[in-house]
Amino acid sequence: MYKFDETFKWIESQRQYDRVIVYYHGTGHCADKKYAMLKQLAQTFQYDLIIPEYKGFAEVEQIQKWEDFFTYQKEFFQKHVEATYKTENTIIVGHSLGTSVATFLSQFYSFQKIILISPFSSIHDLIEYHLPLSSLYLWQWPRHLYNSVEHMNHARFNTYEIYHGLNDHLVPWTHSWILNQISNQGKIQTHLNILPFHGHKKMPIYQCIQLSLMKGNNKKITKKRLVGEFRSSGFDIP
């Protein structure tokens, strides 16, 4: 299932369309765990799908420095996404850890849309929330790393669809609220969607992406067809 070159490891669907969804997963799974579900969704909306793997996951060699995590992903994007698809035809999706990659890339590109699912404002804020005294030691870790606030404050023109569970105790929903306040002098637009019955581990990733793709999509997909599925996942649809 995985594809390889001399540096990277990733999964991608057969190339059929001139537009693509690039999905950056969280720490709880590797790229192959979400592929089948997301491939079907992407094809429904006539997108190709690419899921990059991170160093340190699925037998990809470990990163040596924290900075390398983002350098690696930017190089992959340039070689395996940007070289084939226009950025205005590219949707970036990030879940949990993957949201920091999505916002990092938004500093360099304007995308069709960016979808953030259960994002954290910064890793510093998240660690300090769980371990209040950790601020005594975090000075050694540069604040610009895994910092979506900083990324979005330097972003190009982009639209962010943000989804967060109200019962998320690992990454509280207030992290998304913080990101939703950023405008970067009017360059970006944000739309926050709070799911009242979900936490971090049980976020309906498929439905979040599906709902976002329905907005402004030319393919006829009726609300009636999906309303039952959304309601069962915690969406409040009248």
# chains A, B, ... in the order shown; residues from 1 in each chain; ligands from 1
>>> residues_around(residues="Gly28 of chain A", least_positions_apart="3", cutoff="12 Å", atoms="only C-alpha atoms", output="list in words")
Tyr24, His25, Ala31, Asp32, Lys33, Lys34, Phe57, Ala58, His95, Ser96, Leu97, Gly98, His200, Lys201 and Lys202 of chain A
>>> select_by_dssp(residues="segment 35-188 of chain A", states="strand (DSSP E or B)", output="ChimeraX atom specification")
/A:48-52,90-95,113-117,122,147,158-165,188
>>> write_last_selection(atoms="C-alpha atoms", output="mmCIF file, in the first residue's frame")
data_model
loop_
_atom_site.group_PDB
_atom_site.id
_atom_site.type_symbol
_atom_site.label_atom_id
_atom_site.label_comp_id
_atom_site.auth_asym_id
_atom_site.auth_seq_id
_atom_site.Cartn_x
_atom_site.Cartn_y
_atom_site.Cartn_z
ATOM 1 C CA ASP A 48 -7.388 12.384 -5.462
ATOM 2 C CA LEU A 49 -6.011 11.538 -2.004
ATOM 3 C CA ILE A 50 -2.484 11.695 -0.593
ATOM 4 C CA ILE A 51 -1.543 10.773 2.987
ATOM 5 C CA PRO A 52 2.116 11.494 3.850
ATOM 6 C CA THR A 90 -5.598 21.395 -3.038
ATOM 7 C CA ILE A 91 -7.453 20.833 0.248
ATOM 8 C CA ILE A 92 -5.271 20.328 3.308
ATOM 9 C CA VAL A 93 -6.731 18.331 6.210
ATOM 10 C CA GLY A 94 -5.033 18.001 9.586
ATOM 11 C CA HIS A 95 -6.137 16.037 12.631
ATOM 12 C CA LYS A 113 -9.379 25.141 1.875
ATOM 13 C CA ILE A 114 -7.742 23.987 5.103
ATOM 14 C CA ILE A 115 -9.663 21.700 7.466
ATOM 15 C CA LEU A 116 -8.451 21.507 11.068
ATOM 16 C CA ILE A 117 -9.883 18.768 13.299
ATOM 17 C CA SER A 122 0.589 25.485 20.346
ATOM 18 C CA ASN A 147 2.637 26.640 17.055
ATOM 19 C CA ASN A 158 -6.523 30.979 3.327
ATOM 20 C CA THR A 159 -9.840 29.722 4.687
ATOM 21 C CA TYR A 160 -9.829 27.404 7.697
ATOM 22 C CA GLU A 161 -12.729 25.127 8.650
ATOM 23 C CA ILE A 162 -12.181 24.174 12.309
ATOM 24 C CA TYR A 163 -13.916 21.265 14.090
ATOM 25 C CA HIS A 164 -13.583 20.479 17.788
ATOM 26 C CA GLY A 165 -15.349 18.292 20.332
ATOM 27 C CA ILE A 188 -7.506 34.518 6.511
#
>>> closest_residue(among="A:Ser106, A:Thr174, A:Gln185, A:Thr84", to="Ser118 of chain A", atoms="only C-alpha atoms")
A:Thr174
>>> closest_residue(among="A:Phe76, A:His191, A:Asp168, A:Ala155", to="Glu6 of chain A", atoms="only C-alpha atoms")
A:Phe76
>>> closest_residue(among="A:Ile11, A:Leu41, A:Ile127, A:Ala36", to="Leu211 of chain A", atoms="only C-alpha atoms")
A:Leu41
>>> select_by_dssp(residues="segment 68-206 of chain A", states="helix (DSSP H, G or I)", output="JSON, numbers by chain")
{"A": [68, 69, 70, 71, 72, 73, 74, 75, 76, 77, 78, 79, 80, 81, 82, 87, 88, 89, 97, 98, 99, 100, 101, 102, 103, 104, 105, 123, 124, 125, 126, 127, 128, 129, 130, 132, 133, 134, 135, 136, 138, 139, 140, 148, 149, 150, 151, 152, 153, 174, 175, 176, 177, 178, 179, 180, 205, 206]}
>>> atom_distance(atom1="atom CA of Val171 of chain A", atom2="atom CA of Lys39 of chain A")
27.0 Å
>>> residues_around(residues="Leu179 of chain A", least_positions_apart="6", cutoff="10 Å", atoms="only C-alpha atoms", output="number ranges by chain")
A: 119-122, 148-150, 152-153, 160, 162, 190-192
>>> closest_residue(among="A:His29, A:Met214, A:Thr71, A:Asn167", to="Gln46 of chain A", atoms="only C-alpha atoms")
A:Met214
>>> residues_around(residues="Thr7 of chain A", least_positions_apart="2", cutoff="12 Å", atoms="only C-alpha atoms", output="NGL selection string")
:A and (3-5 or 9-10 or 52-55 or 60-61 or 72-73 or 75-76 or 79-80)
>>> write_last_selection(atoms="N, CA and C atoms", output="compact mmCIF listing (two decimals), in the first residue's frame")
# COMPACT_ATOMS: atom_id res chain seq x y z
N LYS A 3 3.92 3.82 -0.71
CA LYS A 3 4.87 4.12 -1.78
C LYS A 3 6.12 4.69 -1.15
N PHE A 4 7.25 4.50 -1.83
CA PHE A 4 8.53 4.94 -1.31
C PHE A 4 9.33 5.64 -2.39
N ASP A 5 10.19 6.55 -1.97
CA ASP A 5 11.32 6.98 -2.80
C ASP A 5 12.53 7.01 -1.89
N LYS A 9 7.87 8.36 2.45
CA LYS A 9 6.94 7.23 2.48
C LYS A 9 5.54 7.81 2.58
N TRP A 10 4.63 7.32 1.74
CA TRP A 10 3.30 7.89 1.71
C TRP A 10 2.31 6.92 1.07
N PRO A 52 0.68 11.64 3.56
CA PRO A 52 2.12 11.49 3.85
C PRO A 52 2.31 10.80 5.20
N GLU A 53 3.41 10.07 5.32
CA GLU A 53 3.77 9.49 6.61
C GLU A 53 4.83 10.35 7.26
N TYR A 54 4.82 10.36 8.60
CA TYR A 54 5.80 11.14 9.34
C TYR A 54 7.04 10.30 9.62
N LYS A 55 8.15 10.96 9.79
CA LYS A 55 9.32 10.25 10.28
C LYS A 55 9.04 9.78 11.71
N VAL A 60 9.34 4.55 9.33
CA VAL A 60 10.11 5.64 8.72
C VAL A 60 11.13 6.09 9.76
N GLU A 61 12.36 6.36 9.35
CA GLU A 61 13.41 6.69 10.30
C GLU A 61 13.03 7.88 11.17
N TYR A 72 10.81 18.22 6.62
CA TYR A 72 10.52 16.97 5.92
C TYR A 72 9.16 17.05 5.22
N GLN A 73 8.15 17.57 5.91
CA GLN A 73 6.82 17.65 5.33
C GLN A 73 6.74 18.68 4.21
N GLU A 75 9.22 19.51 2.20
CA GLU A 75 9.91 18.92 1.06
C GLU A 75 9.04 17.87 0.37
N PHE A 76 8.31 17.09 1.18
CA PHE A 76 7.40 16.11 0.58
C PHE A 76 6.33 16.82 -0.23
N LYS A 79 7.59 18.07 -3.59
CA LYS A 79 7.95 17.02 -4.54
C LYS A 79 6.75 16.21 -5.01
N HIS A 80 5.82 15.90 -4.11
CA HIS A 80 4.77 14.94 -4.44
C HIS A 80 3.36 15.54 -4.52
>>> residues_around(residues="Leu166 of chain A", least_positions_apart="3", cutoff="7 Å", atoms="only C-alpha atoms", output="compact mmCIF listing (two decimals) with C-alpha atoms, in the first residue's frame")
# COMPACT_ATOMS: atom_id res chain seq x y z
CA TRP A 173 -11.98 23.18 22.59
CA ILE A 194 -18.17 22.77 17.95
CA LEU A 195 -19.44 19.18 18.26
CA PRO A 196 -21.26 18.97 21.61
CA PHE A 197 -21.00 15.21 22.22
CA HIS A 198 -17.47 14.34 21.17
CA GLY A 199 -14.02 14.11 22.72
>>> atom_distance(atom1="atom CA of Tyr109 of chain A", atom2="atom CA of Asn89 of chain A")
11.5 Å
>>> atom_distance(atom1="atom CA of Arg156 of chain A", atom2="atom CA of Leu105 of chain A")
9.5 Å
>>> closest_atom_pairs(of="segment 122-215 of chain A", to="segment 17-22 of chain A", cutoff="12 Å", atoms="only C-alpha atoms", output="tab-separated table")
residue	atom	partner	partner_atom	distance
A:Ile209	CA	A:Ile21	CA	10.0
A:Gln210	CA	A:Ile21	CA	11.7
A:Leu213	CA	A:Ile21	CA	10.3
>>> write_last_selection(atoms="C-alpha atoms", output="PDB file, in the first residue's frame")
ATOM      1  CA  ILE A 209     -14.348  16.413   6.135  1.00  0.00           C
ATOM      2  CA  GLN A 210     -17.559  15.424   4.379  1.00  0.00           C
ATOM      3  CA  LEU A 213     -16.518  19.398   1.261  1.00  0.00           C
TER       4      LEU A 213
END
